[in-house]
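Quick look at entry.pdb (PDB, C-alpha atoms):
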ATOM      1  CA  MET A   6      -8.452 -12.904  67.821  1.00  0.00           C
ATOM      2  CA  SER A   7      -8.708 -16.566  67.117  1.00  0.00           C
ATOM      3  CA  ASP A   8      -9.756 -18.549  70.187  1.00  0.00           C
ATOM      4  CA  GLU A   9      -7.754 -21.509  68.974  1.00  0.00           C
ATOM      5  CA  ASN A  10      -4.228 -20.116  68.840  1.00  0.00           C
ATOM      6  CA  GLY A  11      -4.345 -16.455  69.898  1.00  0.00           C
ATOM      7  CA  THR A  12      -3.478 -15.036  66.490  1.00  0.00           C
ATOM      8  CA  PRO A  13      -5.431 -12.238  64.823  1.00  0.00           C
ATOM      9  CA  ASP A  14      -8.176 -13.320  62.432  1.00  0.00           C
ATOM     10  CA  ILE A  15      -6.715 -11.562  59.393  1.00  0.00           C
ATOM     11  CA  PRO A  16      -6.857 -13.515  56.149  1.00  0.00           C
ATOM     12  CA  ALA A  17      -3.926 -13.428  53.777  1.00  0.00           C
ATOM     13  CA  GLY A  18      -4.128 -10.488  51.431  1.00  0.00           C
ATOM     14  CA  SER A  19      -6.381  -8.365  53.654  1.00  0.00           C
ATOM     15  CA  ARG A  20      -6.043  -4.600  53.864  1.00  0.00           C
ATOM     16  CA  ASP A  21      -6.913  -2.140  56.612  1.00  0.00           C
ATOM     17  CA  THR A  22      -7.682   0.953  54.568  1.00  0.00           C
ATOM     18  CA  PRO A  23      -7.206   1.914  50.948  1.00  0.00           C
ATOM     19  CA  GLY A  24      -4.081   3.887  50.130  1.00  0.00           C
ATOM     20  CA  ALA A  25      -0.415   3.509  50.766  1.00  0.00           C
ATOM     21  CA  ARG A  26      -0.364   4.323  54.500  1.00  0.00           C
ATOM     22  CA  ASP A  27      -2.862   4.536  57.325  1.00  0.00           C
ATOM     23  CA  THR A  28      -3.222   7.308  59.912  1.00  0.00           C
ATOM     24  CA  GLN A  29      -0.301   6.049  62.026  1.00  0.00           C
ATOM     25  CA  GLY A  30       1.996   5.946  58.993  1.00  0.00           C
ATOM     26  CA  THR A  31       2.260   2.164  58.866  1.00  0.00           C
ATOM     27  CA  PRO A  32       2.019   0.555  55.448  1.00  0.00           C
ATOM     28  CA  THR A  33      -1.245  -1.034  54.494  1.00  0.00           C
ATOM     29  CA  GLY A  34      -1.771  -3.784  52.024  1.00  0.00           C
ATOM     30  CA  PRO A  35      -1.626  -7.549  52.287  1.00  0.00           C
ATOM     31  CA  ARG A  36      -0.609  -8.992  55.608  1.00  0.00           C
ATOM     32  CA  PRO A  37       0.853 -12.453  56.049  1.00  0.00           C
ATOM     33  CA  GLU A  38      -1.457 -14.996  57.606  1.00  0.00           C
ATOM     34  CA  PRO A  39      -0.036 -16.267  60.906  1.00  0.00           C
ATOM     35  CA  LEU A  40       0.759 -19.956  61.221  1.00  0.00           C
ATOM     36  CA  ARG A  41       0.157 -21.945  64.381  1.00  0.00           C
ATOM     37  CA  PHE A  42       3.282 -21.933  66.608  1.00  0.00           C
ATOM     38  CA  PHE A  43       5.071 -19.586  64.173  1.00  0.00           C
ATOM     39  CA  GLY A  44       2.963 -16.440  63.931  1.00  0.00           C
ATOM     40  CA  THR A  45       4.363 -14.437  61.023  1.00  0.00           C
ATOM     41  CA  THR A  46       8.013 -15.381  61.593  1.00  0.00           C
ATOM     42  CA  TRP A  47       7.782 -17.606  58.495  1.00  0.00           C
ATOM     43  CA  VAL A  48       7.802 -14.550  56.215  1.00  0.00           C
ATOM     44  CA  ASP A  49      11.405 -13.511  56.867  1.00  0.00           C
ATOM     45  CA  HIS A  50      12.507 -16.535  58.936  1.00  0.00           C
ATOM     46  CA  ASP A  51      13.175 -14.260  61.895  1.00  0.00           C
ATOM     47  CA  GLY A  52      12.161 -14.378  65.551  1.00  0.00           C
ATOM     48  CA  ARG A  53      13.884 -17.710  66.297  1.00  0.00           C
ATOM     49  CA  TYR A  54      12.126 -19.381  63.375  1.00  0.00           C
ATOM     50  CA  THR A  55      14.613 -22.261  63.265  1.00  0.00           C
ATOM     51  CA  ALA A  56      14.282 -22.886  66.998  1.00  0.00           C
ATOM     52  CA  ARG A  57      10.505 -22.946  66.636  1.00  0.00           C
ATOM     53  CA  ARG A  58      10.738 -25.428  63.772  1.00  0.00           C
ATOM     54  CA  VAL A  59      12.974 -27.703  65.834  1.00  0.00           C
ATOM     55  CA  ALA A  60      10.614 -27.407  68.813  1.00  0.00           C
ATOM     56  CA  VAL A  61       7.560 -28.171  66.662  1.00  0.00           C
ATOM     57  CA  ALA A  62       9.267 -31.186  65.097  1.00  0.00           C
ATOM     58  CA  ALA A  63      10.372 -32.478  68.504  1.00  0.00           C
ATOM     59  CA  GLY A  64       6.910 -31.876  69.959  1.00  0.00           C
ATOM     60  CA  ALA A  65       5.201 -33.681  67.089  1.00  0.00           C
ATOM     61  CA  LEU A  66       7.597 -36.614  67.437  1.00  0.00           C
ATOM     62  CA  ALA A  67       7.055 -36.762  71.211  1.00  0.00           C
ATOM     63  CA  ALA A  68       3.283 -36.627  70.730  1.00  0.00           C
ATOM     64  CA  THR A  69       3.541 -39.410  68.141  1.00  0.00           C
ATOM     65  CA  ALA A  70       5.544 -41.565  70.546  1.00  0.00           C
ATOM     66  CA  ALA A  71       3.074 -40.929  73.361  1.00  0.00           C
ATOM     67  CA  SER A  72       0.180 -41.738  71.017  1.00  0.00           C
ATOM     68  CA  CYS A  73       1.784 -45.002  69.985  1.00  0.00           C
ATOM     69  CA  LEU A  74       2.242 -45.852  73.655  1.00  0.00           C
ATOM     70  CA  VAL A  75      -1.466 -45.227  74.278  1.00  0.00           C
ATOM     71  CA  LEU A  76      -2.345 -47.406  71.283  1.00  0.00           C
ATOM     72  CA  ARG A  77      -0.064 -50.108  72.652  1.00  0.00           C
ATOM     73  CA  PHE A  78      -1.970 -50.039  75.953  1.00  0.00           C
ATOM     74  CA  ALA A  79      -5.249 -50.300  74.017  1.00  0.00           C
ATOM     75  CA  TYR A  80      -3.877 -53.298  72.120  1.00  0.00           C
ATOM     76  CA  GLN A  81      -2.831 -54.936  75.388  1.00  0.00           C
ATOM     77  CA  GLY A  82      -6.330 -54.280  76.738  1.00  0.00           C
ATOM     78  CA  LEU A  83      -7.794 -56.108  73.765  1.00  0.00           C
ATOM     79  CA  ALA A  84      -5.399 -58.997  74.344  1.00  0.00           C
ATOM     80  CA  ILE A  85      -6.309 -59.172  78.039  1.00  0.00           C
ATOM     81  CA  ALA A  86     -10.041 -59.084  77.193  1.00  0.00           C
ATOM     82  CA  ASP A  87      -9.439 -62.083  74.947  1.00  0.00           C
ATOM     83  CA  ILE A  88     -11.982 -60.908  72.381  1.00  0.00           C
ATOM     84  CA  GLY A  89     -10.435 -62.932  69.624  1.00  0.00           C
ATOM     85  CA  SER A  90      -7.752 -62.490  67.030  1.00  0.00           C
ATOM     86  CA  PHE A  91     -10.184 -61.393  64.293  1.00  0.00           C
ATOM     87  CA  VAL A  92     -11.428 -58.329  66.219  1.00  0.00           C
ATOM     88  CA  THR A  93      -7.889 -57.487  67.299  1.00  0.00           C
ATOM     89  CA  LEU A  94      -6.751 -57.683  63.672  1.00  0.00           C
ATOM     90  CA  LEU A  95      -9.660 -55.458  62.594  1.00  0.00           C
ATOM     91  CA  VAL A  96      -8.708 -52.804  65.163  1.00  0.00           C
ATOM     92  CA  VAL A  97      -5.045 -52.850  64.121  1.00  0.00           C
ATOM     93  CA  VAL A  98      -5.935 -52.642  60.421  1.00  0.00           C
ATOM     94  CA  MET A  99      -8.421 -49.831  61.119  1.00  0.00           C
ATOM     95  CA  PHE A 100      -5.834 -47.726  62.956  1.00  0.00           C
ATOM     96  CA  THR A 101      -3.233 -48.425  60.260  1.00  0.00           C
ATOM     97  CA  ILE A 102      -5.487 -47.445  57.363  1.00  0.00           C
ATOM     98  CA  CYS A 103      -6.894 -44.410  59.151  1.00  0.00           C
ATOM     99  CA  SER A 104      -3.390 -43.249  60.082  1.00  0.00           C
ATOM    100  CA  ALA A 105      -2.217 -43.606  56.481  1.00  0.00           C
ATOM    101  CA  LEU A 106      -5.233 -41.679  55.192  1.00  0.00           C
ATOM    102  CA  ALA A 107      -4.811 -38.993  57.877  1.00  0.00           C
ATOM    103  CA  PHE A 108      -1.123 -38.646  56.975  1.00  0.00           C
ATOM    104  CA  ARG A 109      -1.953 -38.152  53.308  1.00  0.00           C
ATOM    105  CA  HIS A 110      -4.781 -35.719  54.026  1.00  0.00           C
ATOM    106  CA  THR A 111      -2.647 -33.656  56.421  1.00  0.00           C
ATOM    107  CA  TRP A 112       0.314 -33.684  54.020  1.00  0.00           C
ATOM    108  CA  ASP A 113      -1.896 -32.493  51.136  1.00  0.00           C
ATOM    109  CA  GLY A 114      -3.344 -29.804  53.395  1.00  0.00           C
ATOM    110  CA  PHE A 115       0.102 -28.214  53.610  1.00  0.00           C
ATOM    111  CA  ALA A 116       0.159 -27.671  49.826  1.00  0.00           C
ATOM    112  CA  LYS A 117      -3.445 -26.592  49.131  1.00  0.00           C
ATOM    113  CA  ARG A 118      -6.430 -25.457  51.132  1.00  0.00           C
ATOM    114  CA  PRO A 119      -8.686 -28.386  52.000  1.00  0.00           C
ATOM    115  CA  ASP A 120     -12.343 -28.324  51.000  1.00  0.00           C
ATOM    116  CA  PRO A 121     -14.354 -27.466  54.149  1.00  0.00           C
ATOM    117  CA  ASP A 122     -17.124 -29.960  53.338  1.00  0.00           C
ATOM    118  CA  ARG A 123     -14.650 -32.780  52.770  1.00  0.00           C
ATOM    119  CA  GLN A 124     -12.778 -31.760  55.913  1.00  0.00           C
ATOM    120  CA  ALA A 125     -15.981 -32.023  57.937  1.00  0.00           C
ATOM    121  CA  SER A 126     -16.821 -35.422  56.499  1.00  0.00           C
ATOM    122  CA  LEU A 127     -13.322 -36.761  57.287  1.00  0.00           C
ATOM    123  CA  ARG A 128     -13.273 -35.491  60.873  1.00  0.00           C
ATOM    124  CA  GLY A 129     -13.865 -38.933  62.398  1.00  0.00           C
ATOM    125  CA  LEU A 130     -11.287 -40.610  60.197  1.00  0.00           C
ATOM    126  CA  LEU A 131      -8.723 -37.933  61.075  1.00  0.00           C
ATOM    127  CA  ALA A 132      -9.465 -38.396  64.769  1.00  0.00           C
ATOM    128  CA  ILE A 133      -8.880 -42.141  64.534  1.00  0.00           C
ATOM    129  CA  GLY A 134      -5.740 -41.669  62.424  1.00  0.00           C
ATOM    130  CA  PHE A 135      -4.211 -39.007  64.668  1.00  0.00           C
ATOM    131  CA  VAL A 136      -0.821 -40.752  64.574  1.00  0.00           C
ATOM    132  CA  GLY A 137      -0.615 -40.162  60.822  1.00  0.00           C
ATOM    133  CA  SER A 138      -1.436 -36.476  61.225  1.00  0.00           C
ATOM    134  CA  LEU A 139       1.239 -36.096  63.888  1.00  0.00           C
ATOM    135  CA  LEU A 140       3.803 -37.823  61.679  1.00  0.00           C
ATOM    136  CA  ALA A 141       2.936 -35.555  58.740  1.00  0.00           C
ATOM    137  CA  TYR A 142       3.393 -32.529  60.994  1.00  0.00           C
ATOM    138  CA  PHE A 143       6.761 -33.876  62.166  1.00  0.00           C
ATOM    139  CA  PHE A 144       8.099 -34.556  58.674  1.00  0.00           C
ATOM    140  CA  ARG A 145       6.937 -31.196  57.310  1.00  0.00           C
ATOM    141  CA  ALA A 146       8.514 -29.347  60.247  1.00  0.00           C
ATOM    142  CA  LEU A 147      11.885 -30.838  59.270  1.00  0.00           C
ATOM    143  CA  THR A 148      11.901 -28.837  56.019  1.00  0.00           C
ATOM    144  CA  GLU A 149       9.648 -25.820  56.691  1.00  0.00           C
ATOM    145  CA  ALA A 150       6.922 -24.518  58.939  1.00  0.00           C
ATOM    146  CA  PRO A 151       3.885 -26.702  58.272  1.00  0.00           C
ATOM    147  CA  GLY A 152       1.802 -24.808  55.719  1.00  0.00           C
ATOM    148  CA  GLU A 153       4.513 -22.248  54.952  1.00  0.00           C
ATOM    149  CA  LYS A 154       4.692 -22.990  51.233  1.00  0.00           C
ATOM    150  CA  LEU A 155       0.948 -22.525  50.755  1.00  0.00           C
ATOM    151  CA  HIS A 156       0.845 -19.335  52.807  1.00  0.00           C
ATOM    152  CA  ARG A 157       3.919 -17.934  51.076  1.00  0.00           C
ATOM    153  CA  GLU A 158       2.374 -18.504  47.637  1.00  0.00           C
ATOM    154  CA  GLU A 159      -0.869 -16.821  48.710  1.00  0.00           C
ATOM    155  CA  TYR A 160       0.958 -13.930  50.378  1.00  0.00           C
ATOM    156  CA  GLU A 161       3.224 -13.282  47.386  1.00  0.00           C
ATOM    157  CA  ALA A 162       0.232 -13.404  45.030  1.00  0.00           C
ATOM    158  CA  ALA A 163      -1.592 -10.916  47.272  1.00  0.00           C
ATOM    159  CA  LEU A 164       1.491  -8.660  47.320  1.00  0.00           C
ATOM    160  CA  LYS A 165       1.712  -8.729  43.518  1.00  0.00           C
ATOM    161  CA  GLN A 166      -1.999  -8.013  43.180  1.00  0.00           C
ATOM    162  CA  HIS A 167      -1.762  -5.146  45.683  1.00  0.00           C
ATOM    163  CA  GLU A 168       1.267  -3.700  43.905  1.00  0.00           C
ATOM    164  CA  LYS A 169      -0.503  -3.972  40.576  1.00  0.00           C
ATOM    165  CA  ARG A 170      -3.637  -2.360  41.995  1.00  0.00           C
ATOM    166  CA  THR A 171      -1.823   0.546  43.691  1.00  0.00           C
ATOM    167  CA  SER A 172       0.613   1.303  40.868  1.00  0.00           C
ATOM    168  CA  ARG A 173      -1.888   1.054  38.035  1.00  0.00           C
ATOM    169  CA  ARG A 174      -2.602   4.786  37.811  1.00  0.00           C
ATOM    170  CA  THR A 175      -0.249   7.704  38.021  1.00  0.00           C
ATOM    171  CA  GLY A 176      -1.285  11.310  37.722  1.00  0.00           C
ATOM    172  CA  ASN A 177      -4.607  12.855  36.883  1.00  0.00           C
ATOM    173  CA  PRO A 178      -6.466  10.797  34.262  1.00  0.00           C
ATOM    174  CA  SER A 179      -8.346  13.851  32.966  1.00  0.00           C
ATOM    175  CA  ARG A 180      -5.044  15.408  31.866  1.00  0.00           C
ATOM    176  CA  LYS A 181      -4.071  12.370  29.861  1.00  0.00           C
ATOM    177  CA  ARG A 182      -3.317  13.153  26.237  1.00  0.00           C
ATOM    178  CA  ARG A 183      -5.608  11.494  23.752  1.00  0.00           C
ATOM    179  CA  ARG A 184      -4.122   9.385  20.992  1.00  0.00           C
ATOM    180  CA  SER A 185      -4.804  10.659  17.512  1.00  0.00           C
TER     181      SER A 185
END

Kindly transcribe the structure held in the file into C-alpha coordinates.
Amino acid sequence: MSDENGTPDIPAGSRDTPGARDTQGTPTGPRPEPLRFFGTTWVDHDGRYTARRVAVAAGALAATAASCLVLRFAYQGLAIADIGSFVTLLVVVMFTICSALAFRHTWDGFAKRPDPDRQASLRGLLAIGFVGSLLAYFFRALTEAPGEKLHREEYEAALKQHEKRTSRRTGNPSRKRRRS
(Lines of atoms letter the chains of each structure in order from A and count residues from 1; the text may use other names and numbers.)
(Lines give C-alpha, C1' and ligand atoms only; values in the text may rest on other atoms or scores of the structure.)
Protein backbone atom coordinates (compact mmCIF):
# COMPACT_ATOMS: atom_id res chain seq x y z
CA MET A 1 0.00 0.00 0.00
CA SER A 2 1.15 3.48 -0.74
CA ASP A 3 1.50 5.58 2.42
CA GLU A 4 0.58 8.68 0.47
CA ASN A 5 -2.91 7.86 -0.77
CA GLY A 6 -3.82 4.36 0.42
CA THR A 7 -3.79 2.75 -3.01
CA PRO A 8 -1.96 -0.48 -3.80
CA ASP A 9 1.56 -0.10 -5.18
CA ILE A 10 0.85 -1.91 -8.45
CA PRO A 11 2.39 -0.35 -11.55
CA ALA A 12 0.42 -0.20 -14.76
CA GLY A 13 0.81 -3.36 -16.77
CA SER A 14 1.80 -5.58 -13.83
CA ARG A 15 0.71 -9.20 -13.58
CA ASP A 16 0.18 -11.47 -10.59
CA THR A 17 0.98 -14.84 -12.12
CA PRO A 18 1.52 -16.08 -15.65
CA GLY A 19 -1.48 -17.60 -17.38
CA ALA A 20 -5.02 -16.58 -18.02
CA ARG A 21 -6.42 -16.98 -14.49
CA ASP A 22 -5.05 -17.30 -10.99
CA THR A 23 -6.06 -19.81 -8.31
CA GLN A 24 -9.22 -17.89 -7.35
CA GLY A 25 -10.36 -17.73 -10.98
CA THR A 26 -9.86 -13.99 -11.36
CA PRO A 27 -8.24 -12.80 -14.56
CA THR A 28 -4.60 -11.87 -14.44
CA GLY A 29 -2.81 -9.51 -16.71
CA PRO A 30 -2.33 -5.76 -16.67
CA ARG A 31 -4.07 -3.84 -13.95
CA PRO A 32 -4.93 -0.16 -14.18
CA GLU A 33 -2.82 2.13 -12.05
CA PRO A 34 -4.96 3.94 -9.48
CA LEU A 35 -5.12 7.72 -9.61
CA ARG A 36 -5.20 9.90 -6.52
CA PHE A 37 -8.83 10.62 -5.47
CA PHE A 38 -10.14 8.36 -8.26
CA GLY A 39 -8.69 4.90 -7.64
CA THR A 40 -9.42 2.86 -10.76
CA THR A 41 -12.82 4.44 -11.49
CA TRP A 42 -11.19 6.26 -14.42
CA VAL A 43 -11.05 3.03 -16.44
CA ASP A 44 -14.79 2.66 -16.99
CA HIS A 45 -15.92 6.02 -15.55
CA ASP A 46 -17.92 4.20 -12.89
CA GLY A 47 -18.13 4.53 -9.11
CA ARG A 48 -19.35 8.15 -9.13
CA TYR A 49 -16.47 9.21 -11.37
CA THR A 50 -18.21 12.42 -12.43
CA ALA A 51 -18.98 13.37 -8.83
CA ARG A 52 -15.35 12.78 -7.91
CA ARG A 53 -14.18 14.96 -10.79
CA VAL A 54 -16.50 17.77 -9.70
CA ALA A 55 -15.32 17.40 -6.09
CA VAL A 56 -11.66 17.44 -7.13
CA ALA A 57 -12.18 20.51 -9.30
CA ALA A 58 -14.06 22.31 -6.53
CA GLY A 59 -11.42 21.31 -3.97
CA ALA A 60 -8.58 22.51 -6.18
CA LEU A 61 -10.37 25.81 -6.78
CA ALA A 62 -11.05 26.26 -3.05
CA ALA A 63 -7.42 25.47 -2.24
CA THR A 64 -6.31 27.98 -4.88
CA ALA A 65 -8.55 30.66 -3.38
CA ALA A 66 -7.28 29.93 0.12
CA SER A 67 -3.69 30.02 -1.15
CA CYS A 68 -4.24 33.38 -2.80
CA LEU A 69 -5.68 34.66 0.46
CA VAL A 70 -2.56 33.52 2.32
CA LEU A 71 -0.37 35.21 -0.30
CA ARG A 72 -2.43 38.37 0.10
CA PHE A 73 -1.74 38.33 3.85
CA ALA A 74 1.98 37.86 3.12
CA TYR A 75 1.87 40.83 0.74
CA GLN A 76 0.15 42.94 3.39
CA GLY A 77 2.85 41.87 5.87
CA LEU A 78 5.50 43.13 3.48
CA ALA A 79 3.63 46.41 3.09
CA ILE A 80 3.32 46.81 6.87
CA ALA A 81 7.04 46.04 7.33
CA ASP A 82 7.76 48.85 4.88
CA ILE A 83 10.73 47.02 3.37
CA GLY A 84 10.55 48.97 0.17
CA SER A 85 8.82 48.70 -3.15
CA PHE A 86 11.75 46.96 -4.87
CA VAL A 87 11.72 43.95 -2.50
CA THR A 88 7.93 43.80 -2.63
CA LEU A 89 8.08 43.80 -6.44
CA LEU A 90 10.71 41.04 -6.38
CA VAL A 91 8.51 38.85 -4.17
CA VAL A 92 5.45 39.38 -6.38
CA VAL A 93 7.43 38.65 -9.55
CA MET A 94 8.99 35.56 -7.94
CA PHE A 95 5.61 34.10 -6.98
CA THR A 96 4.19 34.93 -10.42
CA ILE A 97 7.03 33.30 -12.35
CA CYS A 98 7.20 30.28 -10.06
CA SER A 99 3.43 29.80 -10.31
CA ALA A 100 3.57 29.97 -14.11
CA LEU A 101 6.42 27.46 -14.23
CA ALA A 102 4.67 25.17 -11.72
CA PHE A 103 1.47 25.33 -13.79
CA ARG A 104 3.33 24.33 -16.94
CA HIS A 105 5.27 21.56 -15.21
CA THR A 106 2.14 20.13 -13.58
CA TRP A 107 0.17 20.38 -16.84
CA ASP A 108 2.93 18.56 -18.76
CA GLY A 109 3.04 15.92 -16.03
CA PHE A 110 -0.52 14.94 -16.91
CA ALA A 111 0.54 14.03 -20.47
CA LYS A 112 3.91 12.32 -19.87
CA ARG A 113 5.83 10.93 -16.93
CA PRO A 114 8.19 13.53 -15.49
CA ASP A 115 11.89 12.78 -15.20
CA PRO A 116 12.59 11.94 -11.53
CA ASP A 117 15.88 13.86 -11.47
CA ARG A 118 14.29 16.96 -12.96
CA GLN A 119 11.35 16.59 -10.58
CA ALA A 120 13.72 16.54 -7.62
CA SER A 121 15.60 19.59 -8.84
CA LEU A 122 12.35 21.55 -9.33
CA ARG A 123 10.91 20.68 -5.91
CA GLY A 124 11.61 24.12 -4.43
CA LEU A 125 10.23 25.96 -7.44
CA LEU A 126 7.07 23.83 -7.36
CA ALA A 127 6.66 24.55 -3.65
CA ILE A 128 6.89 28.29 -4.23
CA GLY A 129 4.56 28.12 -7.25
CA PHE A 130 1.93 25.98 -5.53
CA VAL A 131 -0.86 28.23 -6.84
CA GLY A 132 0.04 27.29 -10.41
CA SER A 133 -0.01 23.59 -9.59
CA LEU A 134 -3.42 23.92 -7.97
CA LEU A 135 -4.77 25.80 -10.98
CA ALA A 136 -3.44 23.13 -13.36
CA TYR A 137 -5.15 20.46 -11.26
CA PHE A 138 -8.41 22.45 -11.34
CA PHE A 139 -8.40 22.97 -15.11
CA ARG A 140 -7.50 19.35 -15.85
CA ALA A 141 -10.26 18.09 -13.54
CA LEU A 142 -12.79 19.99 -15.65
CA THR A 143 -12.13 17.70 -18.63
CA GLU A 144 -10.82 14.44 -17.11
CA ALA A 145 -9.25 12.96 -14.02
CA PRO A 146 -5.81 14.54 -13.73
CA GLY A 147 -3.41 12.09 -15.35
CA GLU A 148 -6.16 9.93 -16.87
CA LYS A 149 -4.99 10.30 -20.46
CA LEU A 150 -1.44 9.20 -19.63
CA HIS A 151 -2.60 6.26 -17.53
CA ARG A 152 -5.16 5.20 -20.13
CA GLU A 153 -2.51 5.16 -22.87
CA GLU A 154 -0.16 3.10 -20.70
CA TYR A 155 -2.93 0.72 -19.62
CA GLU A 156 -4.19 0.14 -23.16
CA ALA A 157 -0.63 -0.46 -24.38
CA ALA A 158 -0.12 -2.97 -21.55
CA LEU A 159 -3.42 -4.68 -22.44
CA LYS A 160 -2.39 -4.97 -26.10
CA GLN A 161 1.03 -6.30 -25.14
CA HIS A 162 -0.52 -8.82 -22.74
CA GLU A 163 -3.03 -9.94 -25.36
CA LYS A 164 -0.27 -10.30 -27.91
CA ARG A 165 1.89 -12.24 -25.46
CA THR A 166 -0.88 -14.62 -24.34
CA SER A 167 -2.38 -15.26 -27.78
CA ARG A 168 0.90 -15.71 -29.62
CA ARG A 169 0.95 -19.52 -29.43
CA THR A 170 -1.85 -21.98 -29.89
CA GLY A 171 -1.46 -25.72 -29.67
CA ASN A 172 1.61 -27.85 -29.28
CA PRO A 173 4.56 -26.40 -31.21
CA SER A 174 6.15 -29.84 -31.66
CA ARG A 175 3.15 -30.95 -33.74
CA LYS A 176 3.46 -28.02 -36.09
CA ARG A 177 3.78 -29.04 -39.71
CA ARG A 178 7.02 -28.03 -41.36
CA ARG A 179 6.92 -26.01 -44.55
CA SER A 180 8.43 -27.73 -47.54

Check your understanding: Interatomic distance between atom CA of A:Phe143 and atom CA of A:Pro119?
Key -> 19.3 Å

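For the pair atom CA of A:Arg123 and atom CA of A:Leu155, the interatomic distance is 18.8 Å.
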
Name all residues at most 12 Å from A:Pro151 (count all atoms listed in the file; drop same-chain ones fewer than 6 positions away) and give them as a PDB file with C-alpha atoms, in the frame of the given file.
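around.pdb, written as the output of this step:
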ATOM      1  CA  PRO A  39      -0.036 -16.267  60.906  1.00  0.00           C
ATOM      2  CA  LEU A  40       0.759 -19.956  61.221  1.00  0.00           C
ATOM      3  CA  ARG A  41       0.157 -21.945  64.381  1.00  0.00           C
ATOM      4  CA  PHE A  42       3.282 -21.933  66.608  1.00  0.00           C
ATOM      5  CA  PHE A  43       5.071 -19.586  64.173  1.00  0.00           C
ATOM      6  CA  GLY A  44       2.963 -16.440  63.931  1.00  0.00           C
ATOM      7  CA  TRP A  47       7.782 -17.606  58.495  1.00  0.00           C
ATOM      8  CA  ARG A  57      10.505 -22.946  66.636  1.00  0.00           C
ATOM      9  CA  ARG A  58      10.738 -25.428  63.772  1.00  0.00           C
ATOM     10  CA  VAL A  59      12.974 -27.703  65.834  1.00  0.00           C
ATOM     11  CA  VAL A  61       7.560 -28.171  66.662  1.00  0.00           C
ATOM     12  CA  ALA A  62       9.267 -31.186  65.097  1.00  0.00           C
ATOM     13  CA  ALA A  65       5.201 -33.681  67.089  1.00  0.00           C
ATOM     14  CA  THR A 111      -2.647 -33.656  56.421  1.00  0.00           C
ATOM     15  CA  TRP A 112       0.314 -33.684  54.020  1.00  0.00           C
ATOM     16  CA  ASP A 113      -1.896 -32.493  51.136  1.00  0.00           C
ATOM     17  CA  GLY A 114      -3.344 -29.804  53.395  1.00  0.00           C
ATOM     18  CA  PHE A 115       0.102 -28.214  53.610  1.00  0.00           C
ATOM     19  CA  ALA A 116       0.159 -27.671  49.826  1.00  0.00           C
ATOM     20  CA  LYS A 117      -3.445 -26.592  49.131  1.00  0.00           C
ATOM     21  CA  SER A 138      -1.436 -36.476  61.225  1.00  0.00           C
ATOM     22  CA  LEU A 139       1.239 -36.096  63.888  1.00  0.00           C
ATOM     23  CA  LEU A 140       3.803 -37.823  61.679  1.00  0.00           C
ATOM     24  CA  ALA A 141       2.936 -35.555  58.740  1.00  0.00           C
ATOM     25  CA  TYR A 142       3.393 -32.529  60.994  1.00  0.00           C
ATOM     26  CA  PHE A 143       6.761 -33.876  62.166  1.00  0.00           C
ATOM     27  CA  PHE A 144       8.099 -34.556  58.674  1.00  0.00           C
ATOM     28  CA  ARG A 145       6.937 -31.196  57.310  1.00  0.00           C
ATOM     29  CA  ARG A 157       3.919 -17.934  51.076  1.00  0.00           C
TER      30      ARG A 157
END

Closest atom pairs, residues of stretch 94-136 of chain A within 10 Å of stretch 81-90 of chain A, only C-alpha atoms, as JSON lines:
{"residue": "A:Leu94", "atom": "CA", "partner": "A:Ser90", "partner_atom": "CA", "distance": 5.9}
{"residue": "A:Leu95", "atom": "CA", "partner": "A:Ser90", "partner_atom": "CA", "distance": 8.5}
{"residue": "A:Val96", "atom": "CA", "partner": "A:Leu83", "partner_atom": "CA", "distance": 9.3}

Resulting file, chosen residues, C-alpha atoms, as an mmCIF file, in the frame of the given file:
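What follows is the written file out_38.cif:
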data_model
loop_
_atom_site.group_PDB
_atom_site.id
_atom_site.type_symbol
_atom_site.label_atom_id
_atom_site.label_comp_id
_atom_site.auth_asym_id
_atom_site.auth_seq_id
_atom_site.Cartn_x
_atom_site.Cartn_y
_atom_site.Cartn_z
ATOM 1 C CA LEU A 94 -6.751 -57.683 63.672
ATOM 2 C CA LEU A 95 -9.660 -55.458 62.594
ATOM 3 C CA VAL A 96 -8.708 -52.804 65.163
#

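Put simply, the PyMOL selection byres ((chain A and resi 159) around 12) in this file takes in Pro16, Ala17, Gly18, Ser19, Pro35, Arg36, Pro37, Glu38, Val48, Ala116, Lys117, Arg118, Gly152, Glu153, Lys154, Leu155, His156, Arg157, Glu158, Tyr160, Glu161, Ala162, Ala163, Leu164, Lys165 and Gln166 of chain A.
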
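Among the candidates A:Arg128, A:His167, A:Arg77, A:His50, the one nearest to A:Val97 when counting only C-alpha atoms is A:Arg77.
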
Check your understanding: Written as a ChimeraX atom specification, which residues does the PyMOL selection byres ((chain A and resi 105) around 10) give for the file shown?
Key -> /A:99-104,106-111,131,134-138,140-141

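Of note, atom CA of A:Gly129 and atom CA of A:Val98 are spaced 16.0 Å apart.
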
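Of the residues listed (A:Thr33, A:Leu127, A:Glu168, A:Ala60), A:Ala60 shows the shortest atom-to-atom separation from A:Ala150; distances use all atoms listed in the file.
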
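Each of A:Phe91, A:Glu149, A:Ser172, A:Ala70 was compared to A:Tyr54 using only C-alpha atoms, and A:Glu149 turns out to be the nearest.
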